[in-house]
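**Student:** Input structure: protein38.tsv, which contains TSV, C-alpha atoms (C1' of nucleotides).
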```tsv
chain	number	residue	atom	x	y	z
A	1	MET	CA	15.84	-13.02	1.43
A	2	ASP	CA	14.43	-11.48	-1.72
A	3	GLY	CA	15.63	-7.91	-1.93
A	4	HIS	CA	12.78	-6.58	-3.99
A	5	LYS	CA	10.21	-8.03	-1.62
A	6	HIS	CA	11.95	-6.56	1.37
A	7	SER	CA	12.35	-3.18	-0.30
A	8	ALA	CA	8.68	-3.24	-1.18
A	9	SER	CA	7.66	-3.99	2.39
A	10	ILE	CA	9.77	-1.10	3.68
A	11	LEU	CA	8.26	1.19	1.08
A	12	LYS	CA	4.81	0.02	2.06
A	13	ALA	CA	5.51	1.05	5.64
A	14	LEU	CA	6.76	4.42	4.43
A	15	ALA	CA	3.86	5.02	2.05
A	16	HIS	CA	1.56	6.82	4.46
A	17	PRO	CA	1.36	10.57	5.15
A	18	VAL	CA	1.10	10.25	8.92
A	19	ARG	CA	3.90	7.74	9.14
A	20	LEU	CA	6.10	10.06	7.10
A	21	GLN	CA	5.28	12.88	9.48
A	22	ILE	CA	6.17	10.71	12.45
A	23	LEU	CA	9.50	9.75	10.92
A	24	GLU	CA	10.22	13.35	10.11
A	25	ALA	CA	9.50	14.35	13.68
A	26	LEU	CA	11.86	11.62	14.89
A	27	SER	CA	14.58	12.73	12.50
A	28	THR	CA	14.65	16.19	14.03
A	29	ASP	CA	13.83	15.43	17.65
A	30	ILE	CA	16.15	12.39	17.85
A	31	GLN	CA	13.61	10.71	20.08
A	32	ALA	CA	10.11	11.32	21.30
A	33	CYS	CA	7.56	9.73	23.56
A	34	VAL	CA	4.17	8.86	22.17
A	35	CYS	CA	2.40	11.65	24.01
A	36	HIS	CA	4.85	14.10	22.50
A	37	LEU	CA	4.01	12.93	19.01
A	38	GLU	CA	0.38	13.01	20.00
A	39	SER	CA	0.50	16.70	20.82
A	40	LEU	CA	2.84	17.48	17.95
A	41	LEU	CA	0.70	15.89	15.26
A	42	GLN	CA	-2.65	16.50	16.93
A	43	LEU	CA	-3.76	12.91	16.49
A	44	ARG	CA	-5.28	10.35	18.84
A	45	GLN	CA	-2.89	8.28	20.92
A	46	ALA	CA	-4.15	4.89	19.77
A	47	TYR	CA	-3.84	5.94	16.17
A	48	ILE	CA	-0.25	7.03	16.59
A	49	SER	CA	0.54	3.82	18.41
A	50	GLN	CA	-0.83	1.88	15.48
A	51	GLN	CA	1.35	3.73	12.99
A	52	LEU	CA	4.36	3.35	15.26
A	53	ALA	CA	3.74	-0.39	15.35
A	54	THR	CA	3.81	-0.48	11.56
A	55	LEU	CA	7.07	1.45	11.48
A	56	ARG	CA	8.53	-0.75	14.20
A	57	GLU	CA	7.66	-3.95	12.37
A	58	ALA	CA	9.32	-2.56	9.25
A	59	GLY	CA	12.48	-1.96	11.26
A	60	LEU	CA	12.46	1.79	10.77
A	61	VAL	CA	12.03	2.84	14.40
A	62	GLN	CA	12.85	1.34	17.77
A	63	ASP	CA	11.27	1.86	21.16
A	64	ARG	CA	12.80	2.17	24.59
A	65	ARG	CA	10.76	2.15	27.76
A	66	GLU	CA	11.68	4.62	30.45
A	67	GLY	CA	9.36	4.56	33.43
A	68	MET	CA	5.89	5.30	32.28
A	69	ASN	CA	6.88	6.57	28.86
A	70	VAL	CA	8.05	4.84	25.74
A	71	TYR	CA	10.55	6.71	23.64
A	72	TYR	CA	10.81	6.12	19.93
A	73	SER	CA	13.77	6.82	17.72
A	74	LEU	CA	15.00	5.97	14.24
A	75	THR	CA	16.91	2.70	13.98
A	76	ALA	CA	19.59	4.30	11.82
A	77	THR	CA	20.65	7.71	10.61
A	78	ALA	CA	20.13	6.25	7.14
A	79	VAL	CA	16.42	6.60	7.75
A	80	ALA	CA	16.71	10.35	8.21
A	81	ASP	CA	18.91	10.55	5.13
A	82	GLY	CA	16.40	8.51	3.18
A	83	LEU	CA	13.62	10.87	4.19
A	84	GLN	CA	15.69	13.80	3.01
A	85	ASN	CA	16.30	12.10	-0.32
A	86	LEU	CA	12.65	11.21	-0.62
A	87	ARG	CA	11.68	14.82	-0.10
A	88	SER	CA	13.75	16.14	-2.95
A	89	PHE	CA	12.89	13.15	-5.08
A	90	SER	CA	9.16	13.63	-4.81
A	91	SER	CA	9.58	17.36	-5.30
A	92	GLU	CA	11.36	16.65	-8.56
A	93	ILE	CA	8.67	14.25	-9.74
A	94	ALA	CA	6.02	16.77	-8.75
A	95	LYS	CA	7.76	19.47	-10.73
A	96	LEU	CA	7.62	17.29	-13.84
A	97	GLN	CA	3.88	17.25	-13.34
A	98	GLY	CA	3.74	21.00	-12.93
A	99	LYS	CA	3.05	20.75	-9.24
A	100	GLU	CA	4.76	22.46	-6.37
A	101	LEU	CA	5.00	20.58	-3.09
A	102	ARG	CA	4.61	22.15	0.30
A	103	PHE	CA	5.66	20.04	3.27
A	104	LYS	CA	3.82	21.43	6.23
A	105	SER	CA	6.50	21.81	8.84
A	106	ILE	CA	5.55	20.79	12.32
A	107	GLU	CA	8.05	22.98	14.03
A	108	ARG	CA	7.25	23.95	17.52
A	109	ASP	CA	7.55	27.48	18.80
A	110	PRO	CA	10.42	27.28	21.35
A	111	GLU	CA	8.60	29.77	23.54
A	112	GLU	CA	5.51	27.60	23.46
A	113	PRO	CA	6.57	24.22	24.83
A	114	CYS	CA	4.88	20.96	23.90
A	115	PRO	CA	2.02	20.37	26.31
A	116	CYS	CA	2.89	16.72	26.85
A	117	PRO	CA	3.77	15.87	30.46
A	118	ARG	CA	7.36	14.97	29.75
A	119	CYS	CA	8.02	18.33	28.18
A	120	HIS	CA	6.40	20.05	31.12
A	121	GLU	CA	8.74	18.21	33.46
A	122	LYS	CA	11.74	19.39	31.53
A	123	ILE	CA	10.49	22.94	31.41
A	124	ALA	CA	9.80	22.92	35.13
A	125	LEU	CA	13.28	21.53	35.78
A	126	LEU	CA	14.92	24.20	33.67
A	127	GLU	CA	13.01	26.98	35.35
A	128	ALA	CA	13.83	25.62	38.82
A	129	GLN	CA	17.54	25.78	37.99
A	130	ARG	CA	17.43	29.48	37.22
B	1	MET	CA	-0.06	20.30	-2.85
B	2	ASP	CA	0.65	18.47	0.38
B	3	GLY	CA	4.15	17.09	0.16
B	4	HIS	CA	3.65	14.18	2.52
B	5	LYS	CA	0.58	13.02	0.66
B	6	HIS	CA	2.35	13.19	-2.67
B	7	SER	CA	5.44	11.43	-1.31
B	8	ALA	CA	3.19	8.73	0.09
B	9	SER	CA	1.47	8.22	-3.24
B	10	ILE	CA	4.80	7.88	-5.01
B	11	LEU	CA	5.98	5.42	-2.38
B	12	LYS	CA	2.79	3.46	-2.77
B	13	ALA	CA	3.48	3.10	-6.47
B	14	LEU	CA	7.01	1.95	-5.69
B	15	ALA	CA	5.97	-0.47	-2.98
B	16	HIS	CA	5.56	-3.55	-5.13
B	17	PRO	CA	8.20	-6.15	-6.03
B	18	VAL	CA	7.23	-6.41	-9.69
B	19	ARG	CA	7.07	-2.68	-10.16
B	20	LEU	CA	10.52	-2.37	-8.61
B	21	GLN	CA	11.80	-4.97	-11.05
B	22	ILE	CA	10.27	-3.09	-13.96
B	23	LEU	CA	11.88	0.16	-12.87
B	24	GLU	CA	15.19	-1.56	-12.41
B	25	ALA	CA	14.96	-2.99	-15.91
B	26	LEU	CA	14.21	0.48	-17.25
B	27	SER	CA	17.12	1.99	-15.36
B	28	THR	CA	19.58	-0.31	-17.11
B	29	ASP	CA	17.95	-0.66	-20.52
B	30	ILE	CA	17.08	3.05	-20.86
B	31	GLN	CA	13.87	2.07	-22.57
B	32	ALA	CA	11.92	-1.08	-23.31
B	33	CYS	CA	8.77	-2.12	-25.06
B	34	VAL	CA	6.16	-4.03	-23.14
B	35	CYS	CA	6.88	-7.30	-24.85
B	36	HIS	CA	10.53	-6.93	-23.91
B	37	LEU	CA	9.60	-6.59	-20.26
B	38	GLU	CA	7.23	-9.46	-20.71
B	39	SER	CA	9.95	-11.82	-21.80
B	40	LEU	CA	12.46	-10.35	-19.37
B	41	LEU	CA	10.31	-10.79	-16.29
B	42	GLN	CA	8.40	-13.83	-17.51
B	43	LEU	CA	5.03	-12.34	-16.67
B	44	ARG	CA	1.78	-12.00	-18.56
B	45	GLN	CA	1.39	-8.98	-20.83
B	46	ALA	CA	-1.81	-7.66	-19.26
B	47	TYR	CA	-0.27	-7.86	-15.82
B	48	ILE	CA	2.78	-5.87	-16.85
B	49	SER	CA	0.57	-3.31	-18.54
B	50	GLN	CA	-1.33	-2.88	-15.30
B	51	GLN	CA	1.83	-2.28	-13.31
B	52	LEU	CA	3.11	0.11	-15.95
B	53	ALA	CA	-0.13	2.06	-15.70
B	54	THR	CA	0.39	2.43	-11.96
B	55	LEU	CA	3.93	3.66	-12.50
B	56	ARG	CA	2.79	6.00	-15.25
B	57	GLU	CA	0.07	7.53	-13.09
B	58	ALA	CA	2.63	8.10	-10.34
B	59	GLY	CA	4.80	9.99	-12.82
B	60	LEU	CA	7.71	7.56	-12.60
B	61	VAL	CA	7.70	6.31	-16.18
B	62	GLN	CA	6.60	7.69	-19.52
B	63	ASP	CA	5.50	5.97	-22.69
B	64	ARG	CA	6.21	6.70	-26.32
B	65	ARG	CA	4.44	4.97	-29.12
B	66	GLU	CA	6.50	3.89	-32.10
B	67	GLY	CA	4.55	2.02	-34.69
B	68	MET	CA	3.04	-1.03	-33.13
B	69	ASN	CA	5.15	-0.89	-30.00
B	70	VAL	CA	5.04	1.30	-26.95
B	71	TYR	CA	8.37	2.10	-25.37
B	72	TYR	CA	8.62	2.90	-21.70
B	73	SER	CA	11.35	4.84	-19.98
B	74	LEU	CA	11.99	6.57	-16.67
B	75	THR	CA	10.76	10.16	-16.45
B	76	ALA	CA	13.99	11.31	-14.82
B	77	THR	CA	17.41	9.98	-13.99
B	78	ALA	CA	16.49	10.75	-10.41
B	79	VAL	CA	14.31	7.67	-10.50
B	80	ALA	CA	17.28	5.45	-11.27
B	81	ASP	CA	19.27	7.20	-8.55
B	82	GLY	CA	16.42	6.71	-6.12
B	83	LEU	CA	16.32	3.02	-6.88
B	84	GLN	CA	20.01	2.78	-6.21
B	85	ASN	CA	19.59	4.55	-2.89
B	86	LEU	CA	16.65	2.36	-2.01
B	87	ARG	CA	18.72	-0.73	-2.62
B	88	SER	CA	21.44	0.20	-0.19
B	89	PHE	CA	18.92	1.62	2.25
B	90	SER	CA	16.88	-1.54	2.49
B	91	SER	CA	20.06	-3.60	2.66
B	92	GLU	CA	21.10	-1.57	5.67
B	93	ILE	CA	17.75	-1.98	7.37
B	94	ALA	CA	17.85	-5.69	6.62
B	95	LYS	CA	21.30	-5.96	8.16
B	96	LEU	CA	19.99	-4.45	11.38
B	97	GLN	CA	17.52	-7.31	11.42
B	98	GLY	CA	20.23	-9.87	10.79
B	99	LYS	CA	19.06	-10.49	7.26
B	100	GLU	CA	21.04	-10.49	4.06
B	101	LEU	CA	19.29	-9.32	0.91
B	102	ARG	CA	19.73	-10.86	-2.49
B	103	PHE	CA	18.38	-8.90	-5.42
B	104	LYS	CA	17.82	-11.38	-8.18
B	105	SER	CA	19.41	-9.78	-11.19
B	106	ILE	CA	17.51	-10.09	-14.40
B	107	GLU	CA	20.50	-9.75	-16.63
B	108	ARG	CA	20.17	-11.22	-20.03
B	109	ASP	CA	22.77	-13.46	-21.56
B	110	PRO	CA	24.12	-11.34	-24.47
B	111	GLU	CA	24.49	-14.49	-26.56
B	112	GLU	CA	20.86	-15.35	-25.88
B	113	PRO	CA	18.85	-12.38	-27.14
B	114	CYS	CA	15.43	-11.47	-25.81
B	115	PRO	CA	12.85	-13.34	-27.84
B	116	CYS	CA	10.62	-10.31	-28.24
B	117	PRO	CA	10.04	-9.26	-31.87
B	118	ARG	CA	11.79	-5.95	-31.55
B	119	CYS	CA	14.95	-7.60	-30.29
B	120	HIS	CA	14.79	-10.07	-33.12
B	121	GLU	CA	14.64	-7.25	-35.59
B	122	LYS	CA	17.75	-5.70	-34.12
B	123	ILE	CA	19.57	-8.98	-34.04
B	124	ALA	CA	18.66	-9.66	-37.64
B	125	LEU	CA	19.85	-6.19	-38.61
B	126	LEU	CA	23.17	-6.64	-36.85
B	127	GLU	CA	23.77	-9.99	-38.43
B	128	ALA	CA	22.92	-8.68	-41.86
B	129	GLN	CA	25.58	-5.97	-41.50
B	130	ARG	CA	28.38	-8.46	-40.92
C	1	DA	C1'	-12.20	-4.02	-44.83
C	2	DT	C1'	-10.37	-7.75	-42.40
C	3	DT	C1'	-6.97	-9.70	-39.80
C	4	DC	C1'	-2.98	-9.75	-36.98
C	5	DT	C1'	0.03	-8.07	-33.31
C	6	DA	C1'	1.12	-5.18	-29.40
C	7	DT	C1'	-0.78	-2.95	-25.69
C	8	DA	C1'	-4.55	-1.16	-22.59
C	9	DT	C1'	-8.59	-1.44	-19.98
C	10	DT	C1'	-12.38	-3.42	-17.41
C	11	DC	C1'	-14.47	-6.62	-14.25
C	12	DG	C1'	-14.64	-9.20	-10.06
C	13	DG	C1'	-13.35	-11.92	-6.07
C	14	DA	C1'	-9.83	-12.47	-2.68
C	15	DA	C1'	-6.64	-10.40	0.21
C	16	DT	C1'	-4.98	-6.52	2.64
C	17	DA	C1'	-4.94	-1.68	4.51
C	18	DT	C1'	-7.33	2.04	6.89
C	19	DG	C1'	-8.88	4.21	10.96
C	20	DG	C1'	-12.40	4.58	14.73
C	21	DA	C1'	-13.89	2.69	19.20
C	22	DA	C1'	-13.25	-0.03	22.94
C	23	DT	C1'	-10.28	-2.46	25.74
C	24	DA	C1'	-5.89	-4.36	27.57
C	25	DA	C1'	-1.32	-4.09	29.51
C	26	DG	C1'	2.61	-2.10	32.14
C	27	DG	C1'	4.29	0.95	35.43
C	28	DA	C1'	3.91	4.56	38.89
C	29	DT	C1'	1.54	6.39	42.96
C	30	DC	C1'	-1.12	6.31	46.82
D	1	DG	C1'	-4.30	-3.72	47.12
D	2	DA	C1'	-6.77	0.17	44.15
D	3	DT	C1'	-6.07	3.81	40.94
D	4	DC	C1'	-3.89	6.79	37.59
D	5	DC	C1'	-1.23	7.46	33.29
D	6	DT	C1'	0.91	6.12	29.27
D	7	DT	C1'	1.03	3.06	25.64
D	8	DA	C1'	-0.46	-1.18	23.04
D	9	DT	C1'	-3.70	-4.20	21.12
D	10	DT	C1'	-8.01	-5.99	19.42
D	11	DC	C1'	-12.26	-5.67	16.95
D	12	DC	C1'	-14.80	-4.22	13.13
D	13	DA	C1'	-16.67	-1.83	9.14
D	14	DT	C1'	-15.09	0.20	5.11
D	15	DA	C1'	-11.85	1.19	1.42
D	16	DT	C1'	-8.22	-0.16	-1.38
D	17	DT	C1'	-5.03	-3.24	-3.69
D	18	DC	C1'	-3.93	-7.42	-5.99
D	19	DC	C1'	-4.11	-10.24	-9.97
D	20	DG	C1'	-6.49	-13.44	-13.18
D	21	DA	C1'	-9.66	-13.54	-17.05
D	22	DA	C1'	-11.90	-11.47	-20.57
D	23	DT	C1'	-12.31	-7.78	-23.61
D	24	DA	C1'	-11.10	-3.37	-25.98
D	25	DT	C1'	-8.11	-0.41	-28.74
D	26	DA	C1'	-4.62	1.12	-31.95
D	27	DG	C1'	-1.72	0.62	-35.59
D	28	DA	C1'	0.35	-2.68	-39.38
D	29	DA	C1'	-0.21	-5.86	-42.96
D	30	DT	C1'	-2.67	-8.41	-46.16
```
Kindly return the structure encoded in the file as structure tokens.
**Tutor:**
Amino acid sequence: MDGHKHSASILKALAHPVRLQILEALSTDIQACVCHLESLLQLRQAYISQQLATLREAGLVQDRREGMNVYYSLTATAVADGLQNLRSFSSEIAKLQGKELRFKSIERDPEEPCPCPRCHEKIALLEAQR
Amino acid sequence: MDGHKHSASILKALAHPVRLQILEALSTDIQACVCHLESLLQLRQAYISQQLATLREAGLVQDRREGMNVYYSLTATAVADGLQNLRSFSSEIAKLQGKELRFKSIERDPEEPCPCPRCHEKIALLEAQR
DNA sequence: ATTCTATATTCGGAATATGGAATAAGGATC
DNA sequence: GATCCTTATTCCATATTCCGAATATAGAAT
């Protein structure tokens, strides 16, 4: 297959702010259900599902069903590495243009757990074990 | 500025087979006039100019006028590095999908110089010095 | 000044991407 | 079975990209 075409199609899947955020979330959380991403990014479920489908078709993420939930994860650690490279790369390009980039981090306060049901289960489990 | 948005806009500029080929040409040739790219990629001049404009607006290439010609080059070596990374990255993703990538190299036969005027000048100069 | 050559821009129709709304599908639970 | 819950898909209007054709511009040469 034509390498440039394939590279371009991967880049096309990457070239979207929300999809980048999703990938970033998956590169720190290892895996996440859709409702987790929903609460993390504060976006509608259907919308996230759409973006996940794009990423899935590009081969960047994979899904795994577990009961009622579907867990997404990166298909390779190379994806996380690529994101890291991309970050510094675009920062460098931005600097040439006299701009300073700020990547809004979507870190969650550990004391304030994600309100998605799955997280609540885990929290409840942990507290029951005390 | 929002980092994800800027990254996405850079990726959007990259996400095109012809633009990738142009960048690759510039990462080996250091710099090239439009007519050189034209003969190298076998594409119409106006079309190449359009793609160069996209790359220029994204901050990936810069132009320098010299007499009648305009020479393009990468704005940073990081761009060439990024292309290299992208190549192995998309190869890895492709492998996960059971595909094998072939990047058609646009190497020029050194015995068969580029027919663009600038190249002819250089060739003529070299031959005159013998 | 006119012409030539290299490059850039504009216009426009087709194709594709975007994102909202509604709906469907797949399991769990009762 | 009926009913939730989570996730996926479809539909649709709008916006954007793609790329060919024509045209514009900028500098060189006559």
**Student:** Onto chain B, please fit chain A by least squares using all C-alpha atoms in order, then return the transformed chain as a tab-separated table (two decimals) with C-alpha atoms, in the frame of the given file.
**Tutor:**
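File written: result_9.tsv
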```
chain	number	residue	atom	x	y	z
A	1	MET	CA	-0.04	20.35	-2.86
A	2	ASP	CA	0.68	18.49	0.35
A	3	GLY	CA	4.18	17.11	0.15
A	4	HIS	CA	3.68	14.22	2.50
A	5	LYS	CA	0.61	13.05	0.62
A	6	HIS	CA	2.40	13.22	-2.67
A	7	SER	CA	5.46	11.45	-1.31
A	8	ALA	CA	3.21	8.76	0.09
A	9	SER	CA	1.48	8.23	-3.24
A	10	ILE	CA	4.83	7.88	-5.01
A	11	LEU	CA	5.98	5.42	-2.38
A	12	LYS	CA	2.76	3.49	-2.77
A	13	ALA	CA	3.48	3.12	-6.48
A	14	LEU	CA	7.00	1.97	-5.69
A	15	ALA	CA	5.96	-0.46	-2.96
A	16	HIS	CA	5.52	-3.53	-5.13
A	17	PRO	CA	8.14	-6.16	-6.04
A	18	VAL	CA	7.19	-6.40	-9.70
A	19	ARG	CA	7.03	-2.66	-10.15
A	20	LEU	CA	10.48	-2.36	-8.60
A	21	GLN	CA	11.76	-4.97	-11.02
A	22	ILE	CA	10.26	-3.08	-13.94
A	23	LEU	CA	11.86	0.17	-12.84
A	24	GLU	CA	15.17	-1.56	-12.38
A	25	ALA	CA	14.96	-2.99	-15.87
A	26	LEU	CA	14.21	0.49	-17.22
A	27	SER	CA	17.12	1.99	-15.32
A	28	THR	CA	19.57	-0.30	-17.08
A	29	ASP	CA	17.96	-0.67	-20.48
A	30	ILE	CA	17.10	3.05	-20.81
A	31	GLN	CA	13.89	2.06	-22.54
A	32	ALA	CA	11.96	-1.07	-23.28
A	33	CYS	CA	8.81	-2.13	-25.05
A	34	VAL	CA	6.19	-4.04	-23.13
A	35	CYS	CA	6.92	-7.32	-24.88
A	36	HIS	CA	10.55	-6.94	-23.90
A	37	LEU	CA	9.63	-6.59	-20.26
A	38	GLU	CA	7.24	-9.47	-20.72
A	39	SER	CA	10.00	-11.82	-21.80
A	40	LEU	CA	12.49	-10.36	-19.35
A	41	LEU	CA	10.31	-10.77	-16.28
A	42	GLN	CA	8.41	-13.82	-17.49
A	43	LEU	CA	5.04	-12.31	-16.66
A	44	ARG	CA	1.80	-11.96	-18.59
A	45	GLN	CA	1.45	-8.95	-20.85
A	46	ALA	CA	-1.76	-7.63	-19.31
A	47	TYR	CA	-0.26	-7.84	-15.87
A	48	ILE	CA	2.79	-5.85	-16.87
A	49	SER	CA	0.60	-3.29	-18.56
A	50	GLN	CA	-1.33	-2.88	-15.35
A	51	GLN	CA	1.82	-2.26	-13.32
A	52	LEU	CA	3.12	0.12	-15.97
A	53	ALA	CA	-0.13	2.07	-15.72
A	54	THR	CA	0.39	2.43	-11.98
A	55	LEU	CA	3.94	3.66	-12.49
A	56	ARG	CA	2.80	6.02	-15.24
A	57	GLU	CA	0.08	7.55	-13.10
A	58	ALA	CA	2.64	8.11	-10.35
A	59	GLY	CA	4.82	9.99	-12.82
A	60	LEU	CA	7.72	7.58	-12.59
A	61	VAL	CA	7.72	6.33	-16.18
A	62	GLN	CA	6.62	7.71	-19.52
A	63	ASP	CA	5.53	5.95	-22.68
A	64	ARG	CA	6.25	6.68	-26.31
A	65	ARG	CA	4.48	4.93	-29.14
A	66	GLU	CA	6.56	3.86	-32.10
A	67	GLY	CA	4.61	1.94	-34.70
A	68	MET	CA	3.14	-1.10	-33.12
A	69	ASN	CA	5.22	-0.95	-29.97
A	70	VAL	CA	5.09	1.27	-26.94
A	71	TYR	CA	8.40	2.09	-25.35
A	72	TYR	CA	8.65	2.92	-21.68
A	73	SER	CA	11.38	4.86	-19.97
A	74	LEU	CA	12.01	6.57	-16.65
A	75	THR	CA	10.78	10.16	-16.45
A	76	ALA	CA	14.00	11.30	-14.81
A	77	THR	CA	17.44	9.97	-13.99
A	78	ALA	CA	16.49	10.75	-10.39
A	79	VAL	CA	14.32	7.67	-10.49
A	80	ALA	CA	17.28	5.43	-11.23
A	81	ASP	CA	19.27	7.18	-8.52
A	82	GLY	CA	16.41	6.72	-6.10
A	83	LEU	CA	16.29	3.02	-6.86
A	84	GLN	CA	20.00	2.77	-6.18
A	85	ASN	CA	19.57	4.55	-2.87
A	86	LEU	CA	16.62	2.38	-1.99
A	87	ARG	CA	18.67	-0.73	-2.61
A	88	SER	CA	21.39	0.17	-0.18
A	89	PHE	CA	18.88	1.60	2.25
A	90	SER	CA	16.84	-1.56	2.48
A	91	SER	CA	20.01	-3.63	2.66
A	92	GLU	CA	21.06	-1.60	5.67
A	93	ILE	CA	17.70	-2.01	7.38
A	94	ALA	CA	17.79	-5.72	6.61
A	95	LYS	CA	21.23	-6.02	8.14
A	96	LEU	CA	19.93	-4.51	11.38
A	97	GLN	CA	17.45	-7.35	11.42
A	98	GLY	CA	20.15	-9.91	10.78
A	99	LYS	CA	18.99	-10.52	7.26
A	100	GLU	CA	20.97	-10.52	4.06
A	101	LEU	CA	19.23	-9.34	0.92
A	102	ARG	CA	19.68	-10.87	-2.48
A	103	PHE	CA	18.33	-8.91	-5.42
A	104	LYS	CA	17.79	-11.40	-8.18
A	105	SER	CA	19.41	-9.78	-11.16
A	106	ILE	CA	17.53	-10.07	-14.39
A	107	GLU	CA	20.54	-9.71	-16.59
A	108	ARG	CA	20.27	-11.17	-19.98
A	109	ASP	CA	22.95	-13.31	-21.52
A	110	PRO	CA	24.26	-11.17	-24.44
A	111	GLU	CA	24.68	-14.31	-26.51
A	112	GLU	CA	21.08	-15.25	-25.84
A	113	PRO	CA	18.99	-12.35	-27.12
A	114	CYS	CA	15.58	-11.46	-25.75
A	115	PRO	CA	12.97	-13.40	-27.68
A	116	CYS	CA	10.68	-10.42	-28.09
A	117	PRO	CA	10.07	-9.44	-31.73
A	118	ARG	CA	11.77	-6.08	-31.48
A	119	CYS	CA	14.97	-7.65	-30.25
A	120	HIS	CA	14.82	-10.19	-33.03
A	121	GLU	CA	14.58	-7.38	-35.55
A	122	LYS	CA	17.65	-5.74	-34.15
A	123	ILE	CA	19.57	-8.98	-34.09
A	124	ALA	CA	18.59	-9.73	-37.67
A	125	LEU	CA	19.65	-6.23	-38.71
A	126	LEU	CA	23.02	-6.58	-37.04
A	127	GLU	CA	23.68	-9.94	-38.61
A	128	ALA	CA	22.67	-8.66	-42.07
A	129	GLN	CA	25.27	-5.90	-41.79
A	130	ARG	CA	28.11	-8.33	-41.26
```
**Student:** Per residue of chain B within 7 Å of chain A, what are the shortest atom pair and its distance in Å to one decimal, counting only C-alpha atoms, with rows by chain and residue number, as JSON lines?
**Tutor:**
```
{"residue": "B:Met1", "atom": "CA", "partner": "A:Leu101", "partner_atom": "CA", "distance": 5.1}
{"residue": "B:Asp2", "atom": "CA", "partner": "A:Arg102", "partner_atom": "CA", "distance": 5.4}
{"residue": "B:Gly3", "atom": "CA", "partner": "A:Phe103", "partner_atom": "CA", "distance": 4.5}
{"residue": "B:His4", "atom": "CA", "partner": "A:Pro17", "partner_atom": "CA", "distance": 5.0}
{"residue": "B:Lys5", "atom": "CA", "partner": "A:Pro17", "partner_atom": "CA", "distance": 5.2}
{"residue": "B:Ser7", "atom": "CA", "partner": "A:Ser90", "partner_atom": "CA", "distance": 5.6}
{"residue": "B:Ala8", "atom": "CA", "partner": "A:Ala15", "partner_atom": "CA", "distance": 4.2}
{"residue": "B:Ser9", "atom": "CA", "partner": "A:Ala15", "partner_atom": "CA", "distance": 6.6}
{"residue": "B:Leu11", "atom": "CA", "partner": "A:Ala15", "partner_atom": "CA", "distance": 4.9}
{"residue": "B:Lys12", "atom": "CA", "partner": "A:Ala15", "partner_atom": "CA", "distance": 5.2}
{"residue": "B:Leu14", "atom": "CA", "partner": "A:Leu11", "partner_atom": "CA", "distance": 6.9}
{"residue": "B:Ala15", "atom": "CA", "partner": "A:Ala8", "partner_atom": "CA", "distance": 4.3}
{"residue": "B:His16", "atom": "CA", "partner": "A:Ala8", "partner_atom": "CA", "distance": 5.0}
{"residue": "B:Pro17", "atom": "CA", "partner": "A:His4", "partner_atom": "CA", "distance": 5.0}
{"residue": "B:Leu20", "atom": "CA", "partner": "A:His4", "partner_atom": "CA", "distance": 6.6}
{"residue": "B:Gly59", "atom": "CA", "partner": "A:Ile93", "partner_atom": "CA", "distance": 6.5}
{"residue": "B:Ala78", "atom": "CA", "partner": "A:Phe89", "partner_atom": "CA", "distance": 6.9}
{"residue": "B:Phe89", "atom": "CA", "partner": "A:Ala78", "partner_atom": "CA", "distance": 6.8}
{"residue": "B:Ser90", "atom": "CA", "partner": "A:Ser7", "partner_atom": "CA", "distance": 5.6}
{"residue": "B:Ile93", "atom": "CA", "partner": "A:Gly59", "partner_atom": "CA", "distance": 6.6}
{"residue": "B:Glu100", "atom": "CA", "partner": "A:Met1", "partner_atom": "CA", "distance": 6.4}
{"residue": "B:Leu101", "atom": "CA", "partner": "A:Gly3", "partner_atom": "CA", "distance": 4.8}
{"residue": "B:Arg102", "atom": "CA", "partner": "A:Gly3", "partner_atom": "CA", "distance": 5.1}
{"residue": "B:Phe103", "atom": "CA", "partner": "A:Gly3", "partner_atom": "CA", "distance": 4.6}
```
**Student:** Only residues of chain A matter here; which ones have an atom within 8 Å of chain D, counting only C-alpha atoms (C1' of nucleotides)? Give them as a count of residues only.
**Tutor:** 7
**Student:** Would you mind reading off the distance between CA of Ile22 (chain A) and CA of Lys95 (chain A), one decimal, in Å?
**Tutor:** 24.8 Å
**Student:** What is the CA of Ala80 (chain A)-CA of Leu55 (chain A) distance in Å, reported with one decimal?
**Tutor:**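 Computing it gives 13.5 Å between the two atoms.
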**Student:** To one decimal place, how far is CA of Gln42 (chain A) from CA of Gln84 (chain A) in Å?
**Tutor:** 23.2 Å
